[in-house]
>>> print(open('protein09.txt').read())   # compact mmCIF, C-alpha atoms
# COMPACT_ATOMS: atom_id res chain seq x y z
CA MET A 1 0.00 0.00 0.00
CA MET A 2 1.28 3.47 -0.84
CA ARG A 3 2.77 5.82 1.74
CA ILE A 4 0.16 8.41 2.71
CA SER A 5 0.24 11.44 4.97
CA VAL A 6 -2.69 13.62 5.97
CA VAL A 7 -2.86 17.42 6.14
CA ILE A 8 -5.50 19.29 8.16
CA VAL A 9 -5.70 23.09 8.36
CA ASN A 10 -7.40 24.40 11.48
CA TYR A 11 -9.07 27.75 11.97
CA ARG A 12 -11.00 27.96 15.22
CA THR A 13 -12.33 24.38 15.07
CA PRO A 14 -10.05 22.45 17.48
CA ASP A 15 -12.79 20.08 18.67
CA MET A 16 -13.58 19.14 15.07
CA VAL A 17 -9.89 18.56 14.37
CA LEU A 18 -9.66 16.13 17.28
CA ALA A 19 -12.80 14.29 16.16
CA CYS A 20 -11.36 14.10 12.64
CA LEU A 21 -8.08 12.70 14.00
CA LYS A 22 -9.99 10.06 15.95
CA SER A 23 -11.68 8.91 12.75
CA LEU A 24 -8.25 8.73 11.10
CA ASP A 25 -6.78 6.76 14.00
CA ALA A 26 -9.17 3.92 13.24
CA GLU A 27 -7.69 3.69 9.71
CA ARG A 28 -4.10 3.28 10.84
CA GLY A 29 -4.42 -0.50 10.89
CA ALA A 30 -4.47 -0.45 7.08
CA PHE A 31 -1.77 2.23 6.94
CA PRO A 32 0.70 1.62 9.80
CA GLY A 33 2.98 4.42 8.58
CA LEU A 34 0.19 6.98 8.34
CA LYS A 35 1.21 10.42 9.59
CA ALA A 36 -0.79 13.62 9.94
CA VAL A 37 0.30 17.23 9.99
CA VAL A 38 -2.12 19.68 11.58
CA VAL A 39 -1.44 23.39 11.11
CA ASP A 40 -3.26 26.24 12.81
CA ASN A 41 -3.90 29.37 10.74
CA ALA A 42 -3.43 31.85 13.60
CA SER A 43 -6.90 31.14 14.96
CA GLY A 44 -6.57 33.63 17.78
CA ASP A 45 -8.72 31.53 20.10
CA ASP A 46 -7.71 28.59 22.30
CA SER A 47 -7.00 26.32 19.32
CA VAL A 48 -3.22 26.30 19.76
CA ALA A 49 -3.41 25.46 23.46
CA ILE A 50 -5.96 22.69 22.94
CA LEU A 51 -4.25 21.10 19.94
CA THR A 52 -0.76 21.36 21.46
CA ARG A 53 -1.99 19.58 24.58
CA GLU A 54 -4.13 16.91 22.92
CA THR A 55 -1.83 15.99 20.03
CA GLY A 56 0.97 15.54 22.53
CA LYS A 57 -0.92 12.72 24.24
CA ALA A 58 -1.98 9.20 23.23
CA PRO A 59 -3.26 8.16 20.80
CA PHE A 60 -2.00 11.06 18.67
CA ALA A 61 1.53 11.75 19.91
CA GLU A 62 3.24 9.06 17.82
CA TRP A 63 1.73 9.98 14.45
CA VAL A 64 0.40 13.58 14.56
CA ARG A 65 2.58 16.67 14.18
CA PHE A 66 1.05 20.02 15.16
CA THR A 67 2.41 23.35 13.89
CA PRO A 68 0.98 26.78 14.75
CA LEU A 69 1.42 29.25 11.89
CA PRO A 70 2.16 32.97 12.39
CA HIS A 71 -0.83 34.32 10.46
CA ASN A 72 -4.02 33.27 8.72
CA GLY A 73 -2.67 32.90 5.22
CA GLY A 74 -5.71 31.10 3.86
CA PHE A 75 -6.60 27.51 3.02
CA GLY A 76 -4.07 26.97 0.23
CA TRP A 77 -1.20 28.64 2.07
CA GLY A 78 -1.83 26.60 5.21
CA ASN A 79 -1.85 23.38 3.19
CA ASN A 80 1.34 24.41 1.39
CA GLU A 81 3.16 24.95 4.69
CA ALA A 82 2.25 21.42 5.80
CA ILE A 83 3.07 19.89 2.41
CA LEU A 84 6.50 21.55 2.33
CA SER A 85 7.32 20.00 5.70
CA LEU A 86 6.18 16.55 4.54
CA LEU A 87 8.18 16.69 1.31
CA ASP A 88 11.26 17.57 3.36
CA ASP A 89 11.00 14.31 5.35
CA ASP A 90 13.52 11.52 4.80
CA ALA A 91 10.76 9.31 3.36
CA PRO A 92 8.22 11.71 1.84
CA PRO A 93 4.71 10.38 1.17
CA GLU A 94 3.67 9.14 -2.24
CA ALA A 95 0.30 10.84 -1.77
CA ILE A 96 -1.16 13.40 0.60
CA LEU A 97 -4.74 13.38 1.85
CA LEU A 98 -6.02 16.93 2.20
CA LEU A 99 -8.78 16.80 4.77
CA ASN A 100 -11.04 19.48 6.22
CA PRO A 101 -11.32 19.53 10.00
CA ASP A 102 -15.11 19.22 9.67
CA ALA A 103 -14.76 15.88 7.84
CA MET A 104 -15.10 12.46 9.50
CA ILE A 105 -13.54 9.49 7.70
CA GLU A 106 -15.83 6.46 7.37
CA PRO A 107 -14.19 3.00 7.64
CA GLY A 108 -12.24 2.08 4.51
CA ALA A 109 -12.38 5.58 3.00
CA ILE A 110 -8.61 6.02 2.72
CA THR A 111 -8.11 2.48 1.46
CA ALA A 112 -10.62 3.11 -1.34
CA LEU A 113 -8.78 6.28 -2.40
CA ALA A 114 -5.36 4.61 -2.28
CA GLN A 115 -6.49 1.57 -4.26
CA ASP A 116 -8.14 3.79 -6.88
CA MET A 117 -4.95 5.87 -7.23
CA GLU A 118 -2.80 2.78 -7.57
CA ARG A 119 -5.07 1.59 -10.40
CA ARG A 120 -4.82 4.95 -12.18
CA PRO A 121 -1.21 6.02 -12.89
CA ASP A 122 -2.52 9.21 -14.56
CA ALA A 123 -4.44 10.30 -11.44
CA CYS A 124 -3.25 13.51 -9.80
CA ALA A 125 -6.18 13.72 -7.37
CA ILE A 126 -8.99 11.43 -6.29
CA GLY A 127 -11.84 12.82 -4.23
CA SER A 128 -14.14 11.20 -1.70
CA GLN A 129 -17.92 11.12 -1.75
CA LEU A 130 -19.09 13.64 0.83
CA VAL A 131 -22.01 12.59 3.03
CA ASN A 132 -24.25 15.02 4.89
CA GLN A 133 -24.92 14.53 8.58
CA ASP A 134 -28.41 13.18 7.77
CA GLY A 135 -26.87 10.45 5.59
CA SER A 136 -27.73 12.01 2.23
CA LEU A 137 -25.01 12.41 -0.40
CA SER A 138 -23.53 15.81 -1.14
CA GLY A 139 -22.05 17.20 -4.34
CA SER A 140 -18.37 16.19 -4.45
CA ALA A 141 -17.30 16.23 -8.10
CA PHE A 142 -17.59 19.07 -10.60
CA ARG A 143 -16.94 20.51 -14.03
CA PHE A 144 -14.79 23.60 -14.35
CA PRO A 145 -16.44 27.02 -14.06
CA THR A 146 -16.75 28.68 -17.47
CA ILE A 147 -18.14 31.92 -18.87
CA ALA A 148 -21.21 30.04 -20.10
CA ARG A 149 -21.79 28.41 -16.72
CA GLU A 150 -21.60 31.83 -15.05
CA PHE A 151 -24.48 32.91 -17.29
CA ILE A 152 -26.48 29.85 -16.24
CA ARG A 153 -25.62 30.45 -12.58
CA GLY A 154 -26.80 34.06 -12.80
CA ALA A 155 -30.07 33.04 -14.43
CA GLY A 156 -30.86 30.21 -12.04
CA ILE A 157 -33.60 29.02 -14.39
CA GLY A 158 -34.15 25.29 -14.31
CA GLY A 159 -33.56 23.61 -17.67
CA LEU A 160 -31.87 26.61 -19.30
CA GLY A 161 -28.48 24.92 -19.39
CA ARG A 162 -30.00 21.82 -20.94
CA ILE A 163 -31.73 23.91 -23.61
CA LEU A 164 -28.46 25.67 -24.45
CA GLY A 165 -26.39 22.49 -24.31
CA ILE A 166 -24.36 23.65 -21.30
CA LYS A 167 -23.64 20.89 -18.80
CA PRO A 168 -24.07 21.89 -15.13
CA ILE A 169 -21.04 22.49 -12.96
CA LEU A 170 -22.14 19.67 -10.61
CA VAL A 171 -21.39 16.15 -11.80
CA PRO A 172 -24.28 13.75 -10.96
CA ILE A 173 -23.96 12.85 -7.30
CA GLY A 174 -22.42 9.43 -6.70
CA GLU A 175 -20.97 9.10 -10.21
CA ALA A 176 -17.52 7.53 -10.35
CA GLY A 177 -14.74 8.18 -12.82
CA GLU A 178 -12.88 11.07 -14.42
CA VAL A 179 -14.08 14.59 -13.58
CA ASP A 180 -12.68 18.12 -13.95
CA TRP A 181 -12.18 18.71 -10.23
CA VAL A 182 -13.14 17.37 -6.83
CA THR A 183 -13.81 19.07 -3.54
CA GLY A 184 -10.83 19.89 -1.35
CA ALA A 185 -12.69 18.68 1.76
CA SER A 186 -11.28 15.17 1.26
CA VAL A 187 -8.95 14.57 -1.66
CA LEU A 188 -5.91 12.33 -2.11
CA VAL A 189 -3.24 14.18 -4.13
CA ARG A 190 -0.28 12.44 -5.75
CA THR A 191 3.02 13.90 -4.60
CA GLN A 192 4.56 13.61 -8.08
CA ALA A 193 1.81 15.82 -9.51
CA LEU A 194 2.58 18.46 -6.87
CA ARG A 195 6.26 18.30 -7.77
CA GLU A 196 5.51 18.78 -11.47
CA ALA A 197 2.67 21.33 -11.41
CA GLY A 198 3.33 23.04 -8.10
CA MET A 199 1.20 23.38 -4.99
CA PHE A 200 -1.58 25.84 -4.23
CA ASP A 201 -1.43 29.35 -5.67
CA THR A 202 -1.14 31.62 -2.62
CA GLY A 203 -2.89 34.49 -4.36
CA PHE A 204 -6.14 32.83 -3.22
CA PHE A 205 -7.27 33.35 0.36
CA LEU A 206 -10.23 30.98 0.31
CA TYR A 207 -12.31 29.31 -2.43
CA PHE A 208 -11.35 28.37 -5.98
CA GLU A 209 -7.80 27.43 -4.92
CA GLU A 210 -8.37 23.69 -5.43
CA VAL A 211 -10.20 24.36 -8.72
CA GLU A 212 -7.22 26.29 -10.08
CA LEU A 213 -4.80 23.63 -8.80
CA MET A 214 -6.67 20.82 -10.56
CA HIS A 215 -6.96 22.92 -13.71
CA ARG A 216 -3.17 23.32 -13.59
CA PHE A 217 -2.72 19.58 -13.04
CA GLY A 218 -4.66 19.02 -16.25
CA GLN A 219 -2.31 21.31 -18.14
CA HIS A 220 0.51 18.98 -17.09
CA GLY A 221 -1.30 15.89 -18.39
CA TRP A 222 -2.78 14.64 -15.11
CA LYS A 223 -6.41 13.66 -14.49
CA CYS A 224 -8.81 13.97 -11.56
CA TYR A 225 -11.19 11.24 -10.47
CA HIS A 226 -14.11 10.80 -8.10
CA CYS A 227 -14.32 7.71 -5.89
CA PRO A 228 -17.79 7.22 -4.35
CA ASP A 229 -16.54 4.17 -2.42
CA SER A 230 -14.57 6.57 -0.23
CA ARG A 231 -17.17 8.15 2.03
CA VAL A 232 -16.57 11.09 4.34
CA VAL A 233 -19.17 12.74 6.56
CA HIS A 234 -18.86 16.50 6.11
CA VAL A 235 -20.33 19.39 8.08
CA ALA A 236 -20.53 21.81 5.14
CA GLY A 237 -19.30 25.30 5.87
CA ALA A 238 -18.55 24.63 9.54
CA SER A 239 -15.05 26.08 9.36
CA THR A 240 -15.83 28.98 6.99
CA GLY A 241 -19.39 30.09 7.72
CA VAL A 242 -20.18 29.86 4.01
CA VAL A 243 -22.51 27.19 2.69
CA ASP A 244 -22.90 26.58 -1.05
CA GLY A 245 -21.29 29.92 -1.79
CA ARG A 246 -23.56 31.91 0.52
CA SER A 247 -23.11 33.10 4.06
CA GLY A 248 -26.85 33.34 4.63
CA ALA A 249 -30.13 32.83 2.83
CA ALA A 250 -30.30 36.36 1.37
CA ARG A 251 -26.70 37.53 1.82
CA ALA A 252 -23.94 37.68 -0.73
CA PRO A 253 -20.79 35.59 -0.26
CA PRO A 254 -17.88 37.32 1.51
CA ASP A 255 -15.77 39.61 -0.65
CA TYR A 256 -12.94 37.08 -0.81
CA VAL A 257 -15.19 34.71 -2.77
CA PHE A 258 -15.52 37.36 -5.52
CA HIS A 259 -11.78 38.06 -5.47
CA SER A 260 -11.03 34.34 -5.72
CA ARG A 261 -13.46 33.89 -8.59
CA HIS A 262 -11.90 36.79 -10.46
CA ARG A 263 -8.44 35.36 -9.87
CA TYR A 264 -9.47 31.93 -11.09
CA PHE A 265 -10.87 33.27 -14.36
CA ALA A 266 -7.85 35.55 -14.86
CA LEU A 267 -5.41 32.66 -14.41
CA THR A 268 -7.35 30.18 -16.53
CA ALA A 269 -9.04 32.37 -19.17
CA GLY A 270 -6.76 35.41 -19.47
CA ARG A 271 -7.17 39.04 -18.42
CA ARG A 272 -10.59 39.31 -20.03
CA GLY A 273 -11.82 36.23 -18.19
CA PRO A 274 -13.05 37.98 -15.01
CA TRP A 275 -14.83 40.66 -17.02
CA LEU A 276 -16.54 38.14 -19.28
CA ALA A 277 -17.51 35.95 -16.33
CA ASP A 278 -19.08 38.86 -14.44
CA LEU A 279 -20.87 40.18 -17.51
CA ALA A 280 -22.18 36.68 -18.24
CA TRP A 281 -23.47 36.37 -14.68
CA LEU A 282 -25.13 39.80 -14.86
CA GLY A 283 -26.69 38.82 -18.21
CA GLY A 284 -28.15 35.70 -16.64
CA ASP A 285 -29.37 37.71 -13.67
CA LEU A 286 -31.08 40.20 -16.00
CA LEU A 287 -32.72 37.36 -17.92
CA ALA A 288 -34.04 35.88 -14.68
CA ARG A 289 -35.61 39.18 -13.68
CA LEU A 290 -37.19 39.66 -17.10
CA VAL A 291 -38.61 36.16 -17.09
CA GLY A 292 -39.98 36.77 -13.60
CA LEU A 293 -41.80 39.86 -14.82
CA PHE A 294 -43.56 38.13 -17.69
CA SER A 295 -44.04 34.59 -16.46
CA ARG A 296 -45.81 33.30 -13.39
CA ARG A 297 -44.07 29.99 -13.84
CA TYR A 298 -40.69 31.42 -12.91
CA ALA A 299 -40.02 33.72 -10.00
CA ALA A 300 -37.11 36.13 -10.34
CA HIS A 301 -33.90 34.55 -9.05
CA ASP A 302 -32.96 36.14 -5.71
CA ASN A 303 -29.59 37.62 -6.72
CA VAL A 304 -30.01 41.11 -5.32
CA ALA A 305 -27.37 40.79 -2.57
CA GLU A 306 -24.79 39.20 -4.84
CA ARG A 307 -25.54 41.73 -7.60
CA LYS A 308 -24.98 44.67 -5.25
CA ALA A 309 -21.77 43.15 -3.89
CA LEU A 310 -20.41 42.48 -7.37
CA LEU A 311 -21.11 46.02 -8.52
CA ARG A 312 -19.54 47.41 -5.33
CA ILE A 313 -16.38 45.34 -5.72
CA GLY A 314 -16.19 46.06 -9.43
CA ILE A 315 -16.76 44.02 -12.58
CA GLY A 316 -13.64 42.00 -13.31
CA ALA A 317 -11.86 43.64 -10.39
CA GLY A 318 -8.28 42.50 -9.92
CA GLY A 319 -8.06 40.56 -13.17
CA LYS A 320 -5.21 42.65 -14.56
CA ARG A 321 -3.18 42.16 -11.38
CA ALA A 322 -3.57 38.38 -11.28
CA HIS A 323 -0.18 36.73 -11.72
CA PRO A 324 0.62 33.15 -10.73
CA ALA A 325 1.97 32.74 -7.19
CA ILE A 326 2.60 29.00 -7.10
CA THR A 327 4.49 27.40 -4.25
CA ARG A 328 7.09 24.92 -5.53
CA THR A 329 9.01 22.04 -4.01
CA GLY A 330 12.07 23.41 -2.27
CA ASP A 331 10.58 26.84 -1.59
CA PRO A 332 11.26 28.13 1.92
CA ALA A 333 8.50 27.65 4.45
CA GLY A 334 6.97 30.61 6.23
CA ARG A 335 6.94 32.98 3.26
CA PRO A 336 3.78 35.16 3.45
CA PRO A 337 1.07 34.37 0.88
CA ALA A 338 0.86 36.48 -2.27
CA TRP A 339 -2.65 37.73 -1.49
CA MET A 340 -1.25 39.62 1.52
CA GLU A 341 1.10 41.52 -0.76
CA THR A 342 -1.74 42.66 -3.01
>>> encode(input="protein09.txt", output="structure tokens")
Amino acid sequence: MMRISVVIVNYRTPDMVLACLKSLDAERGAFPGLKAVVVDNASGDDSVAILTRETGKAPFAEWVRFTPLPHNGGFGWGNNEAILSLLDDDAPPEAILLLNPDAMIEPGAITALAQDMERRPDACAIGSQLVNQDGSLSGSAFRFPTIAREFIRGAGIGGLGRILGIKPILVPIGEAGEVDWVTGASVLVRTQALREAGMFDTGFFLYFEEVELMHRFGQHGWKCYHCPDSRVVHVAGASTGVVDGRSGAARAPPDYVFHSRHRYFALTAGRRGPWLADLAWLGGDLLARLVGLFSRRYAAHDNVAERKALLRIGIGAGGKRAHPAITRTGDPAGRPPAWMET
């Protein structure tokens, strides 16, 4: 069985981290050499004290390494700091499981991912099937965001994408096989792919960082897969306060979601990408409102909060300043993330 290490980034969820580690401990029988690195993104609460104390005791002391970080550099930056330390080990892992603290591993989940990766030499990343707390399945595998899909997202009109021949961003839940990208809540990443394509781009604070990474993997000839046999219970949004892109029923996502989306489109579609994506979304939003005026069948899509936030931040804002900031093997640890410089 391949050598696997686990990375967990904590931000003010120490109890969830410990519960996650307990679920991992049960899997160590199949992976005797399993190690975990937990980093704390300058939580500013009692996370460091709790995790320092608890990871220093049985059953965690022999296989968990805890590292407090000096500032909250974001999800990708925190993962990079842990990955750099793992790749500097005498026997670096062949694959790294990136795991959210609000994820609980079900029995056999890591084995399923490892076996799937061993069967697929072209696999850069294989994602688990996320399971909601009520036992229902959650969306875990996706197609890449595109200008056309931003139009469909802005419209929010059922069946419009099918009429226009635009496949939805969400891959059918529970479907196995090759996909564009998988959720970063539980994903096994091949170390060789990280060495070739680089780690997370630290220009992202939160959101879209794993999408850009897997897009970059594809440019280097690697493929992503979804493995429904690997099941992970996930408390969606517990560590970020954002669920399905929204921080509340009628509130827009935080500003960093817009900045991350603009950065993603700039890096993957060129300088015009963020502008075209925003204009496409606004076009879909306008269509939804027009349809709502003239048809009782469709109510206007409730985009008012997101529309106001987008116009306040600026259409395509930051696209011209988006330059790759990819962490590479051998880079020094502790370097501040690029988003802090901008």
>>> residues_around(input="protein09.txt", residues="Cys224 (chain A)", least_positions_apart="5", cutoff="10 Å", atoms="all atoms listed in the file", output="PyMOL selection string")
chain A and resi 117+120+122-127+141+177-182+187+189+214-215+217-218
>>> atom_distance(input="protein09.txt", atom1="CA of Phe144 (chain A)", atom2="CA of Leu213 (chain A)")
11.4 Å
>>> closest_residue(input="protein09.txt", among="A:Gly108, A:Pro70, A:Gly76, A:Pro101", to="Tyr11 (chain A)", atoms="all atoms listed in the file")
A:Pro101
>>> residues_around(input="protein09.txt", residues="region 160-173 of chain A", least_positions_apart="6", cutoff="8 Å", atoms="all atoms listed in the file", output="ChimeraX atom specification")
/A:137-145,148-149,152,179
>>> closest_residue(input="protein09.txt", among="A:Thr52, A:Asn303, A:Asn10, A:Thr329", to="Gly156 (chain A)", atoms="all atoms listed in the file")
A:Asn303
>>> closest_residue(input="protein09.txt", among="A:Gly29, A:Pro92, A:Gly316, A:Gly44", to="Asn72 (chain A)", atoms="all atoms listed in the file")
A:Gly44
>>> residues_near_point(input="protein09.txt", point="(-7.4, 37.9, -18.5)", cutoff="10 Å", atoms="only C-alpha atoms", output="number ranges by chain")
A: 262-276, 316, 318-323
>>> atom_distance(input="protein09.txt", atom1="CA of Leu282 (chain A)", atom2="CA of Asp255 (chain A)")
17.0 Å
>>> residues_around(input="protein09.txt", residues="Asn79 (chain A)", least_positions_apart="2", cutoff="9 Å", atoms="all atoms listed in the file", output="NGL selection string")
:A and (7-9 or 39 or 74-77 or 81-84 or 98 or 199-200)
>>> closest_residue(input="protein09.txt", among="A:Met16, A:Leu87, A:Ile96, A:Leu21", to="Arg3 (chain A)", atoms="only C-alpha atoms")
A:Ile96
>>> residues_around(input="protein09.txt", residues="Pro228 (chain A)", least_positions_apart="3", cutoff="7 Å", atoms="only C-alpha atoms", output="list in words")
Ser128, Gln129, Gly174, Glu175, Ala176 and Arg231 of chain A
>>> atom_distance(input="protein09.txt", atom1="CA of Ala58 (chain A)", atom2="CA of Met2 (chain A)")
25.0 Å
>>> residues_around(input="protein09.txt", residues="Arg53 (chain A)", least_positions_apart="4", cutoff="12 Å", atoms="only C-alpha atoms", output="number ranges by chain")
A: 14, 18, 46-49, 57-58, 60-61, 64-66
>>> closest_residue(input="protein09.txt", among="A:Val233, A:Leu51, A:Thr191, A:Leu293", to="Asn132 (chain A)", atoms="only C-alpha atoms")
A:Val233
>>> residues_near_point(input="protein09.txt", point="(-3.2, 32.2, -7.4)", cutoff="6 Å", atoms="all atoms listed in the file", output="PyMOL selection string")
chain A and resi 201-204+324-325
>>> write_last_selection(input="protein09.txt", atoms="C-alpha atoms", output="mmCIF file, in the coordinates of the input")
data_model
loop_
_atom_site.group_PDB
_atom_site.id
_atom_site.type_symbol
_atom_site.label_atom_id
_atom_site.label_comp_id
_atom_site.auth_asym_id
_atom_site.auth_seq_id
_atom_site.Cartn_x
_atom_site.Cartn_y
_atom_site.Cartn_z
ATOM 1 C CA ASP A 201 -1.430 29.350 -5.670
ATOM 2 C CA THR A 202 -1.140 31.620 -2.620
ATOM 3 C CA GLY A 203 -2.890 34.490 -4.360
ATOM 4 C CA PHE A 204 -6.140 32.830 -3.220
ATOM 5 C CA PRO A 324 0.620 33.150 -10.730
ATOM 6 C CA ALA A 325 1.970 32.740 -7.190
#
